[in-house]
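Listing of entry-v8.cif; format and content: mmCIF, C-alpha atoms and all ligand atoms.
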data_coords
#
loop_
_atom_site.label_atom_id
_atom_site.label_comp_id
_atom_site.auth_asym_id
_atom_site.auth_seq_id
_atom_site.Cartn_x
_atom_site.Cartn_y
_atom_site.Cartn_z
CA MET A 91 99.74 72.82 82.72
CA THR A 92 102.24 72.94 85.51
CA ASN A 93 101.45 70.50 88.30
CA ALA A 94 101.29 71.11 92.01
CA GLU A 95 105.09 71.22 92.09
CA GLY A 96 105.19 73.72 89.24
CA GLU A 97 106.60 71.09 86.91
CA TYR A 98 105.73 70.40 83.29
CA SER A 99 107.14 68.24 80.53
CA PHE A 100 106.57 67.47 76.90
CA ASP A 101 107.38 63.85 76.27
CA ASN A 102 107.87 61.61 73.24
CA LEU A 103 109.01 64.42 70.96
CA PRO A 104 110.89 63.63 67.77
CA ALA A 105 114.67 63.98 67.95
CA LEU A 106 116.09 67.21 66.55
CA ALA A 107 118.69 67.52 63.82
CA GLY A 108 121.40 70.06 63.22
CA ASP A 109 120.69 73.39 64.96
CA GLN A 110 117.00 72.76 65.38
CA VAL A 111 115.51 73.77 68.74
CA TYR A 112 112.27 73.35 70.56
CA THR A 113 110.68 76.54 71.95
CA VAL A 114 108.44 76.50 74.98
CA VAL A 115 106.03 79.42 75.38
CA ILE A 116 103.77 80.28 78.27
CA ASP A 117 100.21 80.81 77.08
CA GLN A 118 99.59 84.12 78.80
CA ALA A 119 95.97 84.40 77.70
CA ALA A 120 95.08 80.92 78.95
CA SER A 121 96.98 81.59 82.19
CA GLU A 122 95.65 85.09 82.77
CA ASP A 123 93.84 84.39 86.04
CA ARG A 124 96.62 82.27 87.43
CA LEU A 125 99.29 84.80 86.60
CA ARG A 126 97.39 87.94 87.60
CA PRO A 127 99.26 88.41 90.92
CA TYR A 128 102.65 87.83 89.29
CA LEU A 129 105.30 89.32 87.07
CA PRO A 130 108.18 87.48 85.36
CA ALA A 131 111.22 87.28 87.59
CA PRO A 132 114.10 89.50 86.53
CA ALA A 133 116.09 88.09 83.62
CA HIS A 134 119.17 86.57 85.12
CA ASN A 135 122.06 85.57 82.90
CA SER A 136 123.81 83.40 85.42
CA GLY A 137 124.88 80.94 82.76
CA ASP A 138 123.33 78.08 84.74
CA ARG A 139 120.36 76.96 82.70
CA ALA A 140 119.30 74.57 85.41
CA THR A 141 118.47 77.33 87.84
CA ASP A 142 117.93 80.47 85.79
CA SER A 143 114.66 81.93 84.63
CA SER A 144 113.33 82.70 81.19
CA THR A 145 110.69 85.30 80.42
CA TRP A 146 107.56 83.95 78.74
CA GLN A 147 109.48 81.69 76.38
CA ALA A 148 112.58 79.47 76.39
CA GLU A 149 114.48 77.44 73.83
CA THR A 150 116.46 74.26 73.91
CA ILE A 151 120.16 74.39 73.05
CA PRO A 152 121.00 74.10 69.34
CA GLY A 153 122.74 70.81 68.62
CA GLU A 154 121.14 68.97 71.49
CA LEU A 155 118.20 66.55 71.78
CA HIS A 156 119.62 64.54 68.88
CA GLU A 157 119.64 61.14 70.59
CA ASN A 158 116.87 58.85 71.74
CA ALA A 159 115.73 59.69 75.31
CA ASP A 160 117.66 63.00 75.43
CA ARG A 161 116.07 65.36 77.84
CA ASP A 162 116.39 69.12 78.57
CA PRO A 163 114.90 69.97 81.97
CA THR A 164 116.23 73.54 82.04
CA LEU A 165 113.41 75.53 80.46
CA ASP A 166 112.14 77.32 83.57
CA PHE A 167 110.06 80.37 84.30
CA GLY A 168 110.30 82.30 87.51
CA PHE A 169 107.72 84.77 88.71
CA VAL A 170 107.63 87.40 91.41
CA VAL A 171 104.50 88.51 93.12
CA LYS A 172 103.36 91.98 92.11
CA SER A 173 104.03 94.49 94.82
CA TYR A 174 102.53 97.77 95.83
CA ALA A 175 103.36 100.79 97.97
CA ILE A 176 101.08 103.21 99.78
CA GLY A 177 101.47 106.59 101.50
CA ASP A 178 101.86 109.32 102.12
CA TYR A 179 101.18 112.52 104.13
CA VAL A 180 100.19 113.93 107.50
CA TRP A 181 99.77 117.67 107.85
CA VAL A 182 98.29 120.43 109.99
CA ASP A 183 95.10 121.65 108.38
CA THR A 184 95.45 125.23 109.51
CA ASP A 185 92.32 126.55 107.84
CA ARG A 186 90.33 123.44 108.82
CA ASN A 187 88.90 122.91 105.35
CA GLY A 188 90.03 119.26 105.14
CA ILE A 189 92.26 120.01 102.15
CA GLN A 190 96.06 120.02 101.92
CA ASN A 191 96.79 123.64 101.09
CA GLY A 192 100.28 124.70 100.03
CA ASN A 193 100.93 126.90 103.02
CA GLU A 194 99.99 124.30 105.62
CA PRO A 195 102.79 122.62 107.57
CA ALA A 196 103.71 118.94 107.51
CA LEU A 197 103.43 117.03 110.77
CA PRO A 198 106.39 114.77 111.60
CA GLY A 199 106.32 112.12 114.31
CA VAL A 200 102.86 110.71 113.75
CA THR A 201 102.65 106.91 114.00
CA VAL A 202 101.08 105.16 111.02
CA GLU A 203 100.10 101.49 111.08
CA LEU A 204 98.95 99.15 108.34
CA PHE A 205 96.38 96.38 108.73
CA ASP A 206 94.50 94.04 106.46
CA GLY A 207 90.78 94.25 105.78
CA ALA A 208 90.06 92.37 109.00
CA GLY A 209 92.14 94.77 111.05
CA GLU A 210 94.94 92.22 111.46
CA PRO A 211 98.68 92.88 111.04
CA VAL A 212 100.14 92.15 107.61
CA VAL A 213 103.37 90.83 106.13
CA ASP A 214 105.05 92.17 103.01
CA VAL A 215 105.86 90.22 99.85
CA PHE A 216 109.03 88.92 101.51
CA GLY A 217 107.07 87.58 104.45
CA ASN A 218 108.35 90.23 106.83
CA PRO A 219 105.93 91.75 109.33
CA VAL A 220 104.89 95.26 108.35
CA THR A 221 105.59 97.36 111.42
CA ALA A 222 104.43 100.85 112.30
CA VAL A 223 106.24 103.82 110.80
CA GLU A 224 106.42 107.47 111.77
CA THR A 225 105.94 110.44 109.51
CA ASP A 226 109.29 112.00 108.69
CA ALA A 227 110.37 115.65 108.74
CA ASP A 228 108.24 116.23 105.63
CA GLY A 229 105.16 114.59 107.14
CA ARG A 230 105.62 111.65 104.78
CA TYR A 231 105.27 107.94 105.37
CA MET A 232 105.35 104.92 103.07
CA PHE A 233 104.70 101.19 103.20
CA ASP A 234 106.52 99.41 100.38
CA ASN A 235 106.59 95.88 98.95
CA LEU A 236 103.01 95.04 99.85
CA SER A 237 101.21 92.19 98.14
CA ALA A 238 97.83 92.59 96.52
CA GLY A 239 95.01 92.67 99.02
CA THR A 240 92.68 94.74 101.14
CA TYR A 241 94.23 97.15 103.61
CA GLN A 242 93.46 99.80 106.17
CA VAL A 243 95.73 102.51 107.53
CA LYS A 244 95.54 103.70 111.12
CA PHE A 245 96.93 107.08 112.13
CA ALA A 246 97.69 106.58 115.81
CA LEU A 247 98.16 109.74 117.82
CA THR A 248 100.12 109.68 121.05
CA ALA A 249 98.46 110.93 124.25
CA LYS A 250 100.43 114.13 123.87
CA GLN A 251 99.31 114.58 120.28
CA VAL A 252 95.70 113.93 121.29
CA GLU A 253 95.96 116.78 123.79
CA LYS A 254 96.97 119.10 121.00
CA TYR A 255 95.30 117.84 117.83
CA THR A 256 92.14 116.40 116.46
CA PHE A 257 91.61 114.95 112.96
CA THR A 258 90.24 117.30 110.39
CA LYS A 259 87.14 116.57 108.33
CA LEU A 260 87.07 113.36 106.31
CA ASP A 261 87.09 113.18 102.49
CA ALA A 262 86.62 116.89 101.85
CA GLY A 263 86.40 117.94 98.22
CA SER A 264 86.77 115.57 95.30
CA ASP A 265 90.53 114.99 95.06
CA ASP A 266 91.85 112.06 97.09
CA ALA A 267 95.39 113.32 96.59
CA VAL A 268 94.80 116.35 98.81
CA ASP A 269 92.08 115.30 101.24
CA SER A 270 92.20 113.66 104.66
CA ASP A 271 91.27 110.00 105.04
CA ALA A 272 91.42 109.46 108.79
CA ASP A 273 88.10 108.92 110.50
CA PRO A 274 87.99 111.84 112.96
CA LYS A 275 86.81 109.52 115.74
CA THR A 276 89.20 106.60 115.23
CA GLY A 277 92.10 107.66 113.01
CA TRP A 278 91.41 104.67 110.73
CA THR A 279 90.99 105.01 107.00
CA SER A 280 88.37 103.15 105.06
CA LYS A 281 89.36 99.79 103.58
CA PHE A 282 91.06 99.92 100.21
CA VAL A 283 92.32 97.39 97.70
CA LEU A 284 95.77 97.12 96.20
CA ASP A 285 95.63 95.25 92.91
CA ASP A 286 95.33 95.96 89.20
CA SER A 287 92.00 97.72 89.81
CA ASN A 288 93.50 100.48 91.96
CA THR A 289 93.46 103.60 89.78
CA ALA A 290 95.45 105.71 92.25
CA LEU A 291 98.59 103.65 91.72
CA THR A 292 101.34 105.61 90.02
CA PRO A 293 104.88 104.70 89.01
CA THR A 294 105.82 108.38 89.15
CA TYR A 295 106.71 109.59 92.60
CA ASP A 296 109.24 111.95 94.11
CA ARG A 297 110.73 109.26 96.33
CA ALA A 298 112.21 105.88 95.55
CA PHE A 299 110.26 102.70 96.20
CA ASP A 300 110.58 99.07 95.15
CA ALA A 301 107.00 98.09 94.49
CA THR A 302 106.53 96.77 90.97
CA GLU A 303 103.04 98.19 90.46
CA GLY A 304 103.56 101.72 91.80
CA ILE A 305 102.43 103.62 94.85
CA ASP A 306 98.98 104.74 95.94
CA PRO A 307 99.92 107.99 97.69
CA THR A 308 96.41 109.13 98.56
CA TRP A 309 96.14 107.92 102.19
CA ASP A 310 96.57 111.05 104.23
CA ALA A 311 95.61 112.56 107.54
CA GLY A 312 95.02 116.21 108.37
CA LEU A 313 95.10 117.40 111.95
CA THR A 314 93.75 120.59 113.43
CA LEU A 315 94.86 122.29 116.61
CA LYS A 316 92.40 121.93 119.44
CA PRO A 317 91.19 125.17 121.00
CA ASP A 318 93.09 126.28 124.11
CA PRO A 319 91.79 123.98 126.87
CA LYS A 320 92.24 126.74 129.51
CA PRO A 321 89.81 129.59 128.85
CA ASP A 322 90.59 133.02 130.25
CA PRO A 323 89.39 132.95 133.87
CA LYS A 324 88.65 136.70 133.78
CA PRO A 325 86.86 137.49 130.54
CA GLY A 326 85.83 141.03 129.85
CA PRO A 327 87.27 144.18 131.38
CA LYS A 328 90.28 143.70 133.57
CA PRO A 329 90.20 146.45 136.15
CA ASP A 330 93.43 145.29 137.76
CA ALA A 331 95.40 145.03 134.58
CA LYS A 332 97.64 148.00 135.26
CA PRO A 333 97.66 148.75 138.91
CA GLY A 334 99.07 152.10 139.77
CA LEU A 335 97.87 153.87 136.67
CA ASN A 336 95.42 156.63 136.95
CA PRO A 337 92.09 155.12 135.92
CA ASP A 338 91.66 157.90 133.41
CA ALA A 339 94.65 156.66 131.48
CA LYS A 340 93.90 152.95 131.65
CA PRO A 341 92.13 152.56 128.29
CA GLY A 342 95.54 153.05 126.75
CA LEU A 343 95.11 154.12 123.17
CA LYS A 344 92.65 156.85 123.98
CA PRO A 345 93.62 159.06 126.88
CA ALA A 346 90.57 159.98 128.87
CA PRO A 347 89.47 163.42 127.85
CA GLY A 348 89.82 164.86 131.32
CA PRO A 349 87.75 168.02 131.42
CA SER A 350 90.55 169.74 133.22
CA VAL A 351 92.76 169.40 130.19
CA HIS A 352 90.34 170.79 127.67
CA THR A 353 89.00 173.65 129.66
CA GLY A 354 90.54 176.68 131.08
CA GLY A 355 92.66 177.71 128.14
CA SER A 356 95.87 176.15 129.42
CA ALA A 357 98.92 175.59 127.30
CA LEU A 358 97.85 171.98 126.69
CA ASN A 359 94.97 173.13 124.55
CA GLY A 360 97.42 174.15 121.91
CA HIS A 361 98.55 170.56 121.31
CA ASN A 362 96.99 168.85 118.28
CA LEU A 363 95.40 165.41 118.14
CA GLY A 364 98.56 163.84 116.69
CA TRP A 365 100.40 164.71 119.81
CA TRP A 366 97.70 163.02 121.83
CA ALA A 367 97.95 159.91 119.73
CA LEU A 368 101.68 159.77 120.33
CA ALA A 369 101.16 160.27 124.04
CA ALA A 370 98.58 157.52 124.09
CA GLY A 371 101.03 155.11 122.49
CA LEU A 372 103.61 155.91 125.11
CA LEU A 373 101.01 155.29 127.79
CA THR A 374 100.45 151.83 126.48
CA ALA A 375 104.07 150.92 126.05
CA LEU A 376 105.55 152.46 129.15
CA ALA A 377 103.37 152.43 132.20
CA THR A 378 105.77 154.49 134.26
CA VAL A 379 105.85 157.22 131.67
CA GLY A 380 102.07 157.11 131.62
CA VAL A 381 101.94 157.62 135.33
CA ALA A 382 104.29 160.55 135.20
CA PHE A 383 102.43 162.07 132.31
CA ASN A 384 99.08 161.76 134.01
CA SER A 385 100.34 163.23 137.19
CA ARG A 386 101.44 166.25 135.19
CA ARG A 387 98.23 166.46 133.33
CA HIS A 388 96.40 166.85 136.53
CA ASP A 389 98.75 169.37 137.94
CA PRO A 390 96.43 172.10 139.03
CA ALA A 391 99.02 174.64 138.00
CA ILE A 392 98.88 173.49 134.40
CA ASP A 393 95.14 173.20 134.46
CA ARG A 394 94.89 176.81 135.13
CA CA B 401 116.35 77.47 83.23
CA CA B 402 93.54 123.13 104.50
CA CA B 403 93.82 111.48 100.63
#
Mind turning this structure into structure tokens?
Ligand SMILES: [Ca+2]
Ligand SMILES: [Ca+2]
Ligand SMILES: [Ca+2]
Amino acid sequence: MTNAEGEYSFDNLPALAGDQVYTVVIDQAASEDRLRPYLPAPAHNSGDRATDSSTWQAETIPGELHENADRDPTLDFGFVVKSYAIGDYVWVDTDRNGIQNGNEPALPGVTVELFDGAGEPVVDVFGNPVTAVETDADGRYMFDNLSAGTYQVKFALTAKQVEKYTFTKLDAGSDDAVDSDADPKTGWTSKFVLDDSNTALTPTYDRAFDATEGIDPTWDAGLTLKPDPKPDPKPGPKPDAKPGLNPDAKPGLKPAPGPSVHTGGSALNGHNLGWWALAAGLLTALATVGVAFNSRRHDPAIDR
């Protein structure tokens, strides 16, 4: 077993002859727990055996280790920590069903933060602090190069966004890929684990990432528009809507059936209902025309 410094050696081996080599192999089964967070480092043919890395097994150089006390300290194995990515979408849930429907727009400019299971900031596999990101023009965000562990995402709305939006319903339906994961009260997701047990991880994604173990793209937030905060101060009929119009004409689409028009056998009686419909439309669109028209309608001369 490697010691605390990662060193190992096999001592007191018989000298080799000719092109014989010794082969060192990592016992992957016996080392399963220890190696679980790791992958072999990339093969690197630098030509410097002293500093390069072999993958799972390494051999001595043919023709060497022939003399007493010969030693080959160049059989090394580098590992990289497995890495993970998460994402990926913030959208406007127009129909408020909590599901990402195809016709619903993405929401750019939403701040997304990543924390560990204790709600503390995290660092990536390179030791760099993981800072907040904003959803892009497609409503997408991603955190890449994360180490295994427990995480939480927070969708943090600005004061302006809070005025306009509220989070849609949580965990609607049965497909994590198209639901919303932000707690409507806090904007935080539930805690989730990135490691070999995460079944949402996929290597197939429409954007590039570096994580060795894939991306879990199921951490999303849907937002719905808040109702207009300023209700109509004058609900119901608006008697002053079109000042100047004859009250008979105000309803717009239906000209008031003034008795003077329909009685007395004037020329207007010969007009059909289609004409009236056309006149009504003009009343609505052009108030001044409506006024003129009404004043004619009530011309006593025509009435008779
Ligand atoms: Ca080496
Ligand atoms: Ca929807
Ligand atoms: Ca989701």
Using all atoms listed in the file, the residue out of A:Ile305, A:Ile189, A:Leu165, A:Ala105 with shortest distance to ligand CA 401 (chain B) is A:Leu165
Can you check which parts of chain A lie within 7 Å of ligand CA 402 (chain B)? Per residue, the shortest pair of atoms and distance in Å to one decimal, counting all atoms listed in the file, sorted by chain and number, as JSON lines.
{"residue": "A:Asp183", "atom": "CA", "partner": "B:CA402", "partner_atom": "CA", "distance": 4.4}
{"residue": "A:Thr184", "atom": "CA", "partner": "B:CA402", "partner_atom": "CA", "distance": 5.8}
{"residue": "A:Asp185", "atom": "CA", "partner": "B:CA402", "partner_atom": "CA", "distance": 4.9}
{"residue": "A:Arg186", "atom": "CA", "partner": "B:CA402", "partner_atom": "CA", "distance": 5.4}
{"residue": "A:Asn187", "atom": "CA", "partner": "B:CA402", "partner_atom": "CA", "distance": 4.7}
{"residue": "A:Gly188", "atom": "CA", "partner": "B:CA402", "partner_atom": "CA", "distance": 5.3}
{"residue": "A:Ile189", "atom": "CA", "partner": "B:CA402", "partner_atom": "CA", "distance": 4.1}
{"residue": "A:Gln190", "atom": "CA", "partner": "B:CA402", "partner_atom": "CA", "distance": 4.8}
{"residue": "A:Asn191", "atom": "CA", "partner": "B:CA402", "partner_atom": "CA", "distance": 4.7}
{"residue": "A:Glu194", "atom": "CA", "partner": "B:CA402", "partner_atom": "CA", "distance": 6.7}
Name the residues, by chain letter and number, that sit within 12 Å of ligand CA 403 (chain B) using all atoms listed in the file, and give them as a short mmCIF file (atom, residue, chain, number, x, y, z; two decimals) with C-alpha atoms, in the coordinates of the input.
data_model
loop_
_atom_site.label_atom_id
_atom_site.label_comp_id
_atom_site.auth_asym_id
_atom_site.auth_seq_id
_atom_site.Cartn_x
_atom_site.Cartn_y
_atom_site.Cartn_z
CA ILE A 176 101.08 103.21 99.78
CA GLY A 177 101.47 106.59 101.50
CA ASP A 178 101.86 109.32 102.12
CA TYR A 179 101.18 112.52 104.13
CA VAL A 180 100.19 113.93 107.50
CA TRP A 181 99.77 117.67 107.85
CA GLY A 188 90.03 119.26 105.14
CA ILE A 189 92.26 120.01 102.15
CA GLN A 190 96.06 120.02 101.92
CA VAL A 243 95.73 102.51 107.53
CA THR A 258 90.24 117.30 110.39
CA LYS A 259 87.14 116.57 108.33
CA LEU A 260 87.07 113.36 106.31
CA ASP A 261 87.09 113.18 102.49
CA ALA A 262 86.62 116.89 101.85
CA GLY A 263 86.40 117.94 98.22
CA SER A 264 86.77 115.57 95.30
CA ASP A 265 90.53 114.99 95.06
CA ASP A 266 91.85 112.06 97.09
CA ALA A 267 95.39 113.32 96.59
CA VAL A 268 94.80 116.35 98.81
CA ASP A 269 92.08 115.30 101.24
CA SER A 270 92.20 113.66 104.66
CA ASP A 271 91.27 110.00 105.04
CA ALA A 272 91.42 109.46 108.79
CA ASP A 273 88.10 108.92 110.50
CA THR A 279 90.99 105.01 107.00
CA SER A 280 88.37 103.15 105.06
CA PHE A 282 91.06 99.92 100.21
CA ALA A 290 95.45 105.71 92.25
CA ASP A 306 98.98 104.74 95.94
CA PRO A 307 99.92 107.99 97.69
CA THR A 308 96.41 109.13 98.56
CA TRP A 309 96.14 107.92 102.19
CA ASP A 310 96.57 111.05 104.23
CA ALA A 311 95.61 112.56 107.54
CA GLY A 312 95.02 116.21 108.37
#
Which residue gives the smallest distance to Gly153 (chain A) among A:Val111, A:Ala133, A:Lys275, A:Ser121, with all atoms listed in the file counted?
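Counting all atoms listed in the file, the residue closest to Gly153 (chain A) is A:Val111.
Using only C-alpha atoms and all ligand atoms, the smallest distance between any of A:Pro274, A:Gly137, A:Pro198, A:Gly229 and ligand CA 401 (chain B) comes from A:Gly137.
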Between A:Val283, A:Ala175, A:Ala246, A:Ala196, which residue has the minimum interatomic distance to Phe299 (chain A), considering all atoms listed in the file?
A:Ala175
With distances taken over only C-alpha atoms and all ligand atoms, which residue among A:Lys281, A:Arg139, A:His134, A:His156 lies nearest ligand CA 401 (chain B)?
A:Arg139
Under the rule that only C-alpha atoms are counted, which of A:Thr164, A:Thr145, A:Thr201, A:Ser173 is the nearest residue to Leu291 (chain A)?
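Of all the options, A:Ser173 lies closest to Leu291 (chain A).
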